[in-house]
Structure formats: C-alpha cells, structure tokens
$ cat data.cif   # mmCIF, C-alpha atoms and all ligand atoms
data_upload
#
loop_
_atom_site.group_PDB
_atom_site.id
_atom_site.type_symbol
_atom_site.label_atom_id
_atom_site.label_comp_id
_atom_site.auth_asym_id
_atom_site.auth_seq_id
_atom_site.Cartn_x
_atom_site.Cartn_y
_atom_site.Cartn_z
ATOM 1 C CA MET A 226 26.191 8.802 -18.720
ATOM 2 C CA PHE A 227 23.519 6.871 -20.556
ATOM 3 C CA ALA A 228 23.484 7.365 -24.303
ATOM 4 C CA LYS A 229 20.192 6.780 -26.009
ATOM 5 C CA SER A 230 20.578 4.759 -29.160
ATOM 6 C CA GLY A 231 17.517 3.928 -31.225
ATOM 7 C CA ASN A 232 15.253 2.013 -28.883
ATOM 8 C CA SER A 233 18.134 0.955 -26.622
ATOM 9 C CA ILE A 234 19.923 2.656 -23.811
ATOM 10 C CA TRP A 235 23.671 2.128 -23.584
ATOM 11 C CA ASN A 236 25.364 2.181 -20.221
ATOM 12 C CA VAL A 237 28.536 3.869 -21.462
ATOM 13 C CA ASP A 238 29.906 4.660 -17.993
ATOM 14 C CA GLY A 239 29.386 1.052 -16.946
ATOM 15 C CA ALA A 240 31.288 -0.182 -20.010
ATOM 16 C CA ILE A 241 34.153 2.267 -19.346
ATOM 17 C CA GLU A 242 34.256 1.108 -15.719
ATOM 18 C CA MET A 243 34.485 -2.513 -16.896
ATOM 19 C CA ALA A 244 37.298 -1.549 -19.283
ATOM 20 C CA ARG A 245 39.169 0.245 -16.457
ATOM 21 C CA ASN A 246 38.904 -2.813 -14.244
ATOM 22 C CA LEU A 247 40.360 -4.971 -17.002
ATOM 23 C CA VAL A 248 43.467 -2.792 -17.359
ATOM 24 C CA SER A 249 43.866 -1.515 -13.812
ATOM 25 C CA SER A 250 46.548 -3.939 -12.640
ATOM 26 C CA PRO A 251 49.527 -2.197 -11.009
ATOM 27 C CA GLN A 252 51.731 -4.618 -12.949
ATOM 28 C CA LEU A 253 50.182 -3.438 -16.187
ATOM 29 C CA SER A 254 52.702 -3.785 -18.976
ATOM 30 C CA LEU A 255 52.566 -1.701 -22.115
ATOM 31 C CA PRO A 256 51.631 -1.953 -24.865
ATOM 32 C CA ILE A 257 48.354 -3.593 -23.844
ATOM 33 C CA ASN A 258 48.084 -7.133 -25.205
ATOM 34 C CA ILE A 259 44.731 -6.703 -26.927
ATOM 35 C CA CYS A 260 44.421 -10.360 -28.049
ATOM 36 C CA GLU A 261 44.908 -11.497 -24.442
ATOM 37 C CA LEU A 262 42.110 -9.101 -23.388
ATOM 38 C CA ALA A 263 39.864 -10.468 -26.150
ATOM 39 C CA SER A 264 40.441 -13.974 -24.877
ATOM 40 C CA ALA A 265 39.682 -12.852 -21.286
ATOM 41 C CA LEU A 266 36.361 -11.476 -22.592
ATOM 42 C CA GLY A 267 35.416 -14.802 -24.159
ATOM 43 C CA VAL A 268 36.432 -14.128 -27.759
ATOM 44 C CA ALA A 269 37.525 -17.474 -29.184
ATOM 45 C CA ARG A 270 39.322 -16.149 -32.268
ATOM 46 C CA VAL A 271 40.872 -12.856 -33.423
ATOM 47 C CA GLU A 272 41.952 -13.094 -37.035
ATOM 48 C CA ALA A 273 42.998 -11.043 -40.069
ATOM 49 C CA ALA A 274 40.620 -11.244 -43.020
ATOM 50 C CA ASP A 275 40.401 -9.958 -46.562
ATOM 51 C CA MET A 276 37.433 -7.584 -46.220
ATOM 52 C CA SER A 277 36.316 -4.061 -47.050
ATOM 53 C CA ILE A 278 35.204 -3.002 -43.552
ATOM 54 C CA ASP A 279 37.722 -2.310 -40.745
ATOM 55 C CA GLY A 280 36.370 -4.772 -38.227
ATOM 56 C CA TYR A 281 33.802 -7.474 -37.635
ATOM 57 C CA LEU A 282 32.349 -8.913 -34.463
ATOM 58 C CA GLY A 283 30.248 -12.017 -34.825
ATOM 59 C CA ARG A 284 29.984 -15.688 -33.986
ATOM 60 C CA GLY A 285 31.722 -18.616 -35.624
ATOM 61 C CA SER A 286 29.871 -21.789 -36.696
ATOM 62 C CA ASP A 287 30.466 -23.097 -33.148
ATOM 63 C CA GLY A 288 28.535 -20.091 -31.778
ATOM 64 C CA ARG A 289 31.636 -18.618 -30.111
ATOM 65 C CA LEU A 290 32.603 -14.956 -30.436
ATOM 66 C CA LEU A 291 34.963 -14.015 -33.199
ATOM 67 C CA ILE A 292 36.660 -10.750 -34.236
ATOM 68 C CA ARG A 293 38.080 -10.082 -37.678
ATOM 69 C CA TYR A 294 40.215 -7.151 -38.802
ATOM 70 C CA LYS A 295 41.351 -5.986 -42.198
ATOM 71 C CA THR A 296 44.555 -7.638 -43.459
ATOM 72 C CA THR A 297 45.766 -4.529 -45.287
ATOM 73 C CA SER A 298 45.446 -2.001 -42.441
ATOM 74 C CA PRO A 299 48.470 -0.962 -40.354
ATOM 75 C CA MET A 300 48.814 -2.896 -37.087
ATOM 76 C CA THR A 301 48.204 0.162 -34.860
ATOM 77 C CA ARG A 302 44.871 0.638 -36.640
ATOM 78 C CA ASN A 303 44.039 -3.061 -36.298
ATOM 79 C CA ARG A 304 44.762 -2.934 -32.577
ATOM 80 C CA PHE A 305 42.274 -0.066 -32.291
ATOM 81 C CA THR A 306 39.748 -1.997 -34.413
ATOM 82 C CA ILE A 307 40.015 -5.052 -32.138
ATOM 83 C CA ALA A 308 39.668 -2.815 -29.052
ATOM 84 C CA HIS A 309 36.627 -1.159 -30.687
ATOM 85 C CA GLU A 310 34.933 -4.542 -31.174
ATOM 86 C CA LEU A 311 35.716 -5.377 -27.523
ATOM 87 C CA GLY A 312 34.132 -1.989 -26.748
ATOM 88 C CA HIS A 313 30.899 -3.267 -28.317
ATOM 89 C CA ILE A 314 31.064 -6.435 -26.181
ATOM 90 C CA LEU A 315 31.536 -4.383 -22.979
ATOM 91 C CA LEU A 316 28.710 -2.016 -23.960
ATOM 92 C CA TYR A 317 26.353 -4.950 -24.452
ATOM 93 C CA ARG A 318 27.410 -6.503 -21.156
ATOM 94 C CA ALA A 319 27.159 -3.262 -19.175
ATOM 95 C CA SER A 320 23.738 -2.597 -20.701
ATOM 96 C CA SER A 321 22.576 -6.202 -20.105
ATOM 97 C CA CYS A 322 21.945 -6.761 -23.823
ATOM 98 C CA GLU A 323 22.530 -9.877 -25.867
ATOM 99 C CA ILE A 324 25.274 -9.501 -28.486
ATOM 100 C CA PRO A 325 23.211 -9.401 -31.694
ATOM 101 C CA GLU A 326 24.070 -11.105 -34.959
ATOM 102 C CA CYS A 327 26.687 -9.062 -36.776
ATOM 103 C CA ALA A 328 24.476 -8.412 -39.820
ATOM 104 C CA THR A 329 21.819 -6.774 -37.644
ATOM 105 C CA ARG A 330 24.388 -4.647 -35.828
ATOM 106 C CA ALA A 331 25.981 -3.503 -39.078
ATOM 107 C CA ARG A 332 22.619 -2.622 -40.611
ATOM 108 C CA ASN A 333 21.516 -0.635 -37.591
ATOM 109 C CA ARG A 334 24.865 1.079 -37.185
ATOM 110 C CA CYS A 335 24.254 3.892 -34.755
ATOM 111 C CA THR A 336 26.606 6.772 -34.128
ATOM 112 C CA ASP A 337 26.030 6.738 -30.364
ATOM 113 C CA GLU A 338 27.015 3.091 -30.145
ATOM 114 C CA GLU A 339 30.049 3.532 -32.421
ATOM 115 C CA LEU A 340 31.297 6.603 -30.519
ATOM 116 C CA ALA A 341 30.815 4.787 -27.227
ATOM 117 C CA ALA A 342 32.704 1.726 -28.556
ATOM 118 C CA ASN A 343 35.584 4.063 -29.499
ATOM 119 C CA ARG A 344 35.643 5.567 -26.009
ATOM 120 C CA VAL A 345 35.810 2.109 -24.457
ATOM 121 C CA ALA A 346 38.524 1.122 -26.964
ATOM 122 C CA SER A 347 40.621 4.138 -25.901
ATOM 123 C CA GLU A 348 40.224 3.122 -22.277
ATOM 124 C CA LEU A 349 41.469 -0.399 -23.059
ATOM 125 C CA LEU A 350 44.508 0.618 -25.137
ATOM 126 C CA MET A 351 45.412 3.843 -23.332
ATOM 127 C CA PRO A 352 44.337 3.420 -19.703
ATOM 128 C CA CYS A 353 43.540 6.766 -18.118
ATOM 129 C CA ASP A 354 45.974 6.515 -15.175
ATOM 130 C CA ALA A 355 48.849 5.256 -17.324
ATOM 131 C CA VAL A 356 48.395 8.177 -19.747
ATOM 132 C CA ARG A 357 48.006 10.772 -16.973
ATOM 133 C CA THR A 358 51.136 9.579 -15.175
ATOM 134 C CA ARG A 359 53.155 9.950 -18.357
ATOM 135 C CA LEU A 360 51.784 13.412 -19.093
ATOM 136 C CA ALA A 361 52.139 14.784 -15.591
ATOM 137 C CA TYR A 362 55.788 15.668 -15.533
ATOM 138 C CA SER A 363 56.824 16.037 -19.112
ATOM 139 C CA ARG A 364 56.661 19.007 -21.420
ATOM 140 C CA LEU A 365 54.049 18.373 -24.072
ATOM 141 C CA SER A 366 55.255 18.263 -27.688
ATOM 142 C CA TRP A 367 54.549 16.217 -30.804
ATOM 143 C CA GLU A 368 57.901 14.495 -30.249
ATOM 144 C CA ARG A 369 56.719 13.390 -26.801
ATOM 145 C CA ILE A 370 53.335 12.305 -28.221
ATOM 146 C CA ARG A 371 55.151 10.272 -30.893
ATOM 147 C CA GLU A 372 57.240 8.533 -28.185
ATOM 148 C CA LEU A 373 54.154 7.775 -26.101
ATOM 149 C CA SER A 374 52.124 6.526 -29.061
ATOM 150 C CA ARG A 375 54.956 4.035 -29.715
ATOM 151 C CA GLU A 376 54.937 2.968 -26.059
ATOM 152 C CA PHE A 377 51.155 2.351 -26.157
ATOM 153 C CA ASP A 378 51.363 1.023 -29.745
ATOM 154 C CA VAL A 379 48.584 3.258 -31.058
ATOM 155 C CA SER A 380 48.494 5.889 -33.807
ATOM 156 C CA ILE A 381 49.539 9.467 -33.062
ATOM 157 C CA THR A 382 45.963 10.530 -33.902
ATOM 158 C CA ALA A 383 44.480 8.099 -31.368
ATOM 159 C CA PHE A 384 46.949 9.177 -28.694
ATOM 160 C CA SER A 385 46.452 12.912 -29.257
ATOM 161 C CA ARG A 386 42.662 12.458 -28.993
ATOM 162 C CA ARG A 387 43.183 10.540 -25.772
ATOM 163 C CA ILE A 388 45.230 13.398 -24.297
ATOM 164 C CA ILE A 389 42.280 15.736 -24.825
ATOM 165 C CA GLU A 390 40.040 13.263 -22.970
ATOM 166 C CA VAL A 391 42.190 12.651 -19.917
ATOM 167 C CA THR A 392 44.673 15.456 -19.353
ATOM 168 C CA LYS A 393 44.170 17.754 -16.400
ATOM 169 C CA ARG A 394 46.165 20.506 -18.099
ATOM 170 C CA PRO A 395 44.512 23.083 -20.339
ATOM 171 C CA THR A 396 45.356 21.706 -23.778
ATOM 172 C CA VAL A 397 44.147 22.566 -27.277
ATOM 173 C CA MET A 398 44.697 20.793 -30.575
ATOM 174 C CA PHE A 399 44.127 22.178 -34.042
ATOM 175 C CA TRP A 400 44.049 19.967 -37.115
ATOM 176 C CA ALA A 401 44.223 22.378 -40.049
ATOM 177 C CA THR A 402 44.025 21.270 -43.687
ATOM 178 C CA VAL A 403 45.627 23.705 -46.097
ATOM 179 C CA SER A 404 44.640 24.540 -49.653
ATOM 180 C CA ASP A 405 46.177 22.371 -52.430
ATOM 181 C CA LYS A 406 46.781 25.495 -54.510
ATOM 182 C CA ASP A 407 48.181 27.675 -51.748
ATOM 183 C CA PRO A 408 49.561 25.761 -48.728
ATOM 184 C CA SER A 409 49.652 28.967 -46.697
ATOM 185 C CA ILE A 410 45.829 29.142 -46.659
ATOM 186 C CA VAL A 411 43.739 27.139 -44.192
ATOM 187 C CA ARG A 412 40.988 25.251 -46.017
ATOM 188 C CA SER A 413 39.353 23.717 -42.965
ATOM 189 C CA CYS A 414 40.180 23.334 -39.312
ATOM 190 C CA ARG A 415 39.075 21.138 -36.442
ATOM 191 C CA CYS A 416 39.804 22.136 -32.888
ATOM 192 C CA SER A 417 39.529 20.122 -29.677
ATOM 193 C CA VAL A 418 40.046 21.343 -26.144
ATOM 194 C CA SER A 419 40.740 19.363 -22.991
ATOM 195 C CA MET A 420 37.603 18.492 -21.098
ATOM 196 C CA ALA A 421 39.015 19.402 -17.674
ATOM 197 C CA HIS A 422 38.818 23.154 -18.347
ATOM 198 C CA GLN A 423 36.570 25.636 -20.000
ATOM 199 C CA ILE A 424 38.612 27.110 -22.845
ATOM 200 C CA LEU A 425 37.332 29.919 -25.056
ATOM 201 C CA PHE A 426 39.262 31.666 -27.824
ATOM 202 C CA SER A 427 39.213 35.353 -28.570
ATOM 203 C CA GLN A 428 38.601 34.562 -32.267
ATOM 204 C CA PRO A 429 37.293 31.579 -34.298
ATOM 205 C CA PRO A 430 39.610 28.501 -34.339
ATOM 206 C CA THR A 431 40.067 28.648 -38.144
ATOM 207 C CA LEU A 432 41.438 32.173 -37.783
ATOM 208 C CA GLU A 433 43.723 31.025 -34.941
ATOM 209 C CA ALA A 434 44.982 28.178 -37.160
ATOM 210 C CA GLN A 435 45.626 30.665 -39.984
ATOM 211 C CA HIS A 436 47.706 32.866 -37.655
ATOM 212 C CA LEU A 437 49.635 29.807 -36.447
ATOM 213 C CA ILE A 438 50.416 28.804 -40.042
ATOM 214 C CA ASP A 439 51.455 32.382 -40.912
ATOM 215 C CA SER A 440 53.680 32.248 -37.854
ATOM 216 C CA LEU A 441 55.355 29.092 -39.197
ATOM 217 C CA GLU A 442 56.142 30.886 -42.452
ATOM 218 C CA GLY A 443 58.303 33.345 -40.537
ATOM 219 C CA GLY A 444 57.419 36.736 -39.270
ATOM 220 C CA GLU A 445 56.406 37.142 -35.680
ATOM 221 C CA VAL A 446 55.801 34.226 -33.388
ATOM 222 C CA TYR A 447 52.111 34.099 -32.676
ATOM 223 C CA HIS A 448 50.573 32.833 -29.442
ATOM 224 C CA PRO A 449 46.805 32.318 -29.439
ATOM 225 C CA ARG A 450 44.940 34.093 -26.680
ATOM 226 C CA ALA A 451 42.383 32.055 -24.833
ATOM 227 C CA PHE A 452 40.262 32.300 -21.747
ATOM 228 C CA ILE A 453 40.973 29.314 -19.551
ATOM 229 C CA ASP A 454 38.392 29.034 -16.786
ATOM 230 C CA ALA A 455 37.755 32.769 -17.290
ATOM 231 C CA ASP A 456 41.433 33.809 -16.958
ATOM 232 C CA GLU A 457 43.054 35.164 -20.062
ATOM 233 C CA CYS A 458 46.140 33.154 -21.089
ATOM 234 C CA LEU A 459 48.652 32.957 -23.887
ATOM 235 C CA LEU A 460 49.119 29.494 -25.367
ATOM 236 C CA GLN A 461 52.501 28.079 -26.217
ATOM 237 C CA TRP A 462 52.493 25.686 -29.153
ATOM 238 C CA ASP A 463 54.255 22.997 -31.101
ATOM 239 C CA ALA A 464 53.524 22.175 -34.745
ATOM 240 C CA MET A 465 53.772 19.106 -36.923
ATOM 241 C CA LYS A 466 53.156 18.794 -40.665
ATOM 242 C CA VAL A 467 51.358 15.645 -41.827
ATOM 243 C CA GLU A 468 49.685 14.187 -44.905
ATOM 244 C CA LYS A 469 46.178 12.945 -44.246
ATOM 245 C CA PHE A 470 44.137 11.428 -47.091
ATOM 246 C CA ASN A 471 46.697 12.951 -49.502
ATOM 247 C CA ARG A 472 46.050 16.443 -48.220
ATOM 248 C CA ALA A 473 48.631 18.521 -46.392
ATOM 249 C CA GLN A 474 47.704 19.268 -42.803
ATOM 250 C CA HIS A 475 49.296 21.167 -39.949
ATOM 251 C CA TRP A 476 48.658 19.890 -36.473
ATOM 252 C CA PHE A 477 49.093 22.296 -33.585
ATOM 253 C CA LEU A 478 49.317 21.324 -29.999
ATOM 254 C CA CYS A 479 48.820 24.263 -27.643
ATOM 255 C CA TRP A 480 48.989 24.524 -23.919
ATOM 256 C CA GLU A 481 48.993 27.261 -21.386
ATOM 257 C CA LEU A 482 51.984 29.537 -21.251
ATOM 258 C CA THR A 483 51.105 32.444 -18.991
ATOM 259 C CA ARG A 484 48.102 33.951 -17.373
ATOM 260 C CA ARG A 485 47.748 37.594 -18.332
HETATM 261 ZN ZN ZN B 1 31.588 -0.605 -34.281
#
$ encode --input "data.cif" --output "structure tokens"
Amino acid sequence: MFAKSGNSIWNVDGAIEMARNLVSSPQLSLPINICELASALGVARVEAADMSIDGYLGRGSDGRLLIRYKTTSPMTRNRFTIAHELGHILLYRASSCEIPECATRARNRCTDEELAANRVASELLMPCDAVRTRLAYSRLSWERIRELSREFDVSITAFSRRIIEVTKRPTVMFWATVSDKDPSIVRSCRCSVSMAHQILFSQPPTLEAQHLIDSLEGGEVYHPRAFIDADECLLQWDAMKVEKFNRAQHWFLCWELTRR
C-alpha cells in the first residue's frame, strides 16, 4: 500500500518488508534489542533526554543519525518511541527519500507518516510470525496478553493492538470509558476488530460495551452476537479494569465462541 502524505508518497509496504527482514532470523531472541537494531540501521546514538516530546530523530553535530527519548517515560514506552523513530528511517529508505532535518519533519507532522511509522515500529518490536506462533495454540485472555507483553517488553495496549493486526482468529476488543459519576454507565467506547475477518455486530459497539459492563455487575452473563464472515456467532469474552488518563476504563477482549 502506498500512503499519500502531503506531496510525498510513502512506500509503507516496502518499509514493513524491510522491518520484517531485520527481525526474521530463526534465532530471534525476545525481547527485541531495539538499540542493536538502531545501530544496524546506522543510528550512532540512542539517548535519554529531558524533553517535552516523546521522541526525536535528527543528526548530531557530526552529521550522524541520533535518536532521543523522554527520560521520564516508562521503558516500554521508550522502546516503542525508539522503534517509531526507526520506522521513520525505514519509511524514508523504502520511499527513496532523504531523511529531512528534524525541525522540518516535526513542523510538517503528517498523520499518514506517523501512523505508518507506528505500523513499522510494531513490526520491529512484535514480529508478525513470533506473535502469531504464540497466539495459535493458547486461549486468549488478558492474563495471556499480559504475559506476552512482558515477553516482548511492550505495553499491554501496544500488544493488544498488535493482536488485532496479525491474528487469524476472529477477535474483537472494546475499550470502554465509564462515567466518573456513575461507573456503570459507558461514556465512550472504541472498538477494533481483527483484520482477517469481516465482523459486524447486531447493535452499535457502545451498546455492546454497556451490556458487557452490566454483565460484570452481576445478572446474566452476556455474550455479544456478531456476524463473522456472514455467519452469526456468539462471542466469549474476558474483561480487565484499567485506569487510563485518570479515567476508569473496562477493556473487553472477545473472540468467537460458537456459530449459531
Ligand atoms: Zn513520528
């Protein structure tokens, strides 16, 4: 896929292919050593810095590539930031573009480029085959996702998003934020479905999330109904309660239970 970005065209597939080649060794050991990868890509220095932005890709006074990450961020986040900056490098290389001065890149920050850099970053830290192998034979649950995110040394959020990208199983995730005043009421809800299947719900995702939360409170166990590749199915689920930006959230991980 080529993503158009301003006047440039990014070769996203080419960058992902380059990332796959970098982490495709059968002797691949986890977690991925991101600083070693940076060095292999010609980055002379990767260093922590006192700054307001998450990451910085630029050149030192010697003209060599340099990546900086925020001193105060958790290490899993910094690993993703470093991988994201490497994502930019691979995008430029795959698209045969010069790496611009950092100031220019920051000023012309483009969503297409940033999203593409994140996709490449996921490929570097959570290689597709390694993730698929680990998901193939185990029952999916937040506990399992927590274990795997530790193994890959990434955040649970990053790993759960990656599952949606690579799994071959029909999988759905809801991230529901509840009201501060009444934690039984869904304030907003995001829903992602695995790309390998066409999944449609019989009612809007926010309503599904509300039923799932009601189900947690007791009463009857609720299983969302969905059409997976046109077959009606009931989804089994697992829930986790989290605090995100000081707001209570419920995360639901759903997967196919039975075809009806
Ligand atoms: Zn970026």
$ closest_residue --input "data.cif" --among "A:Leu460, A:Val397, A:Val345, A:Ile381" --to "ligand ZN 1 (chain B)" --atoms "only C-alpha atoms and all ligand atoms"
A:Val345
$ closest_residue --input "data.cif" --among "A:Glu339, A:Asp287, A:Asp275, A:Glu433" --to "ligand ZN 1 (chain B)" --atoms "only C-alpha atoms and all ligand atoms"
A:Glu339
$ residues_near_point --input "data.cif" --point "(37.2, -17.5, -31.5)" --cutoff "6 Å" --atoms "only C-alpha atoms" --output "count of residues only"
6
$ closest_residue --input "data.cif" --among "A:Ala346, A:Ile389, A:Ala434, A:Ile241" --to "ligand ZN 1 (chain B)" --atoms "all atoms listed in the file"
A:Ala346
$ atom_distance --input "data.cif" --atom1 "atom CA of A:Leu437" --atom2 "atom CA of A:Arg412"
13.7 Å
$ residues_around --input "data.cif" --residues "A:Ser277" --least-positions-apart "2" --cutoff "12 Å" --atoms "all atoms listed in the file" --output "PDB file with C-alpha atoms, in the frame of the given file"
ATOM      1  CA  ALA A 273      42.998 -11.043 -40.069  1.00  0.00           C
ATOM      2  CA  ALA A 274      40.620 -11.244 -43.020  1.00  0.00           C
ATOM      3  CA  ASP A 275      40.401  -9.958 -46.562  1.00  0.00           C
ATOM      4  CA  ASP A 279      37.722  -2.310 -40.745  1.00  0.00           C
ATOM      5  CA  GLY A 280      36.370  -4.772 -38.227  1.00  0.00           C
ATOM      6  CA  TYR A 281      33.802  -7.474 -37.635  1.00  0.00           C
ATOM      7  CA  ARG A 293      38.080 -10.082 -37.678  1.00  0.00           C
ATOM      8  CA  TYR A 294      40.215  -7.151 -38.802  1.00  0.00           C
ATOM      9  CA  LYS A 295      41.351  -5.986 -42.198  1.00  0.00           C
ATOM     10  CA  THR A 296      44.555  -7.638 -43.459  1.00  0.00           C
ATOM     11  CA  THR A 297      45.766  -4.529 -45.287  1.00  0.00           C
ATOM     12  CA  SER A 298      45.446  -2.001 -42.441  1.00  0.00           C
TER      13      SER A 298
END
$ residues_near_ligand --input "data.cif" --ligand "ligand ZN 1 (chain B)" --cutoff "7 Å" --atoms "only C-alpha atoms and all ligand atoms" --output "list of chain:residue names"
A:His309, A:Glu310, A:His313, A:Glu339, A:Ala342
$ closest_residue --input "data.cif" --among "A:Leu262, A:Ile388, A:Leu255, A:Leu441" --to "A:Ala361" --atoms "all atoms listed in the file"
A:Ile388
$ atom_distance --input "data.cif" --atom1 "atom CA of A:Arg284" --atom2 "atom CA of A:Glu326"
7.5 Å
$ residues_near_point --input "data.cif" --point "(48.0, 23.0, -34.3)" --cutoff "10 Å" --atoms "all atoms listed in the file" --output "ChimeraX atom specification"
/A:397-401,414-416,433-435,437-438,462-466,474-479
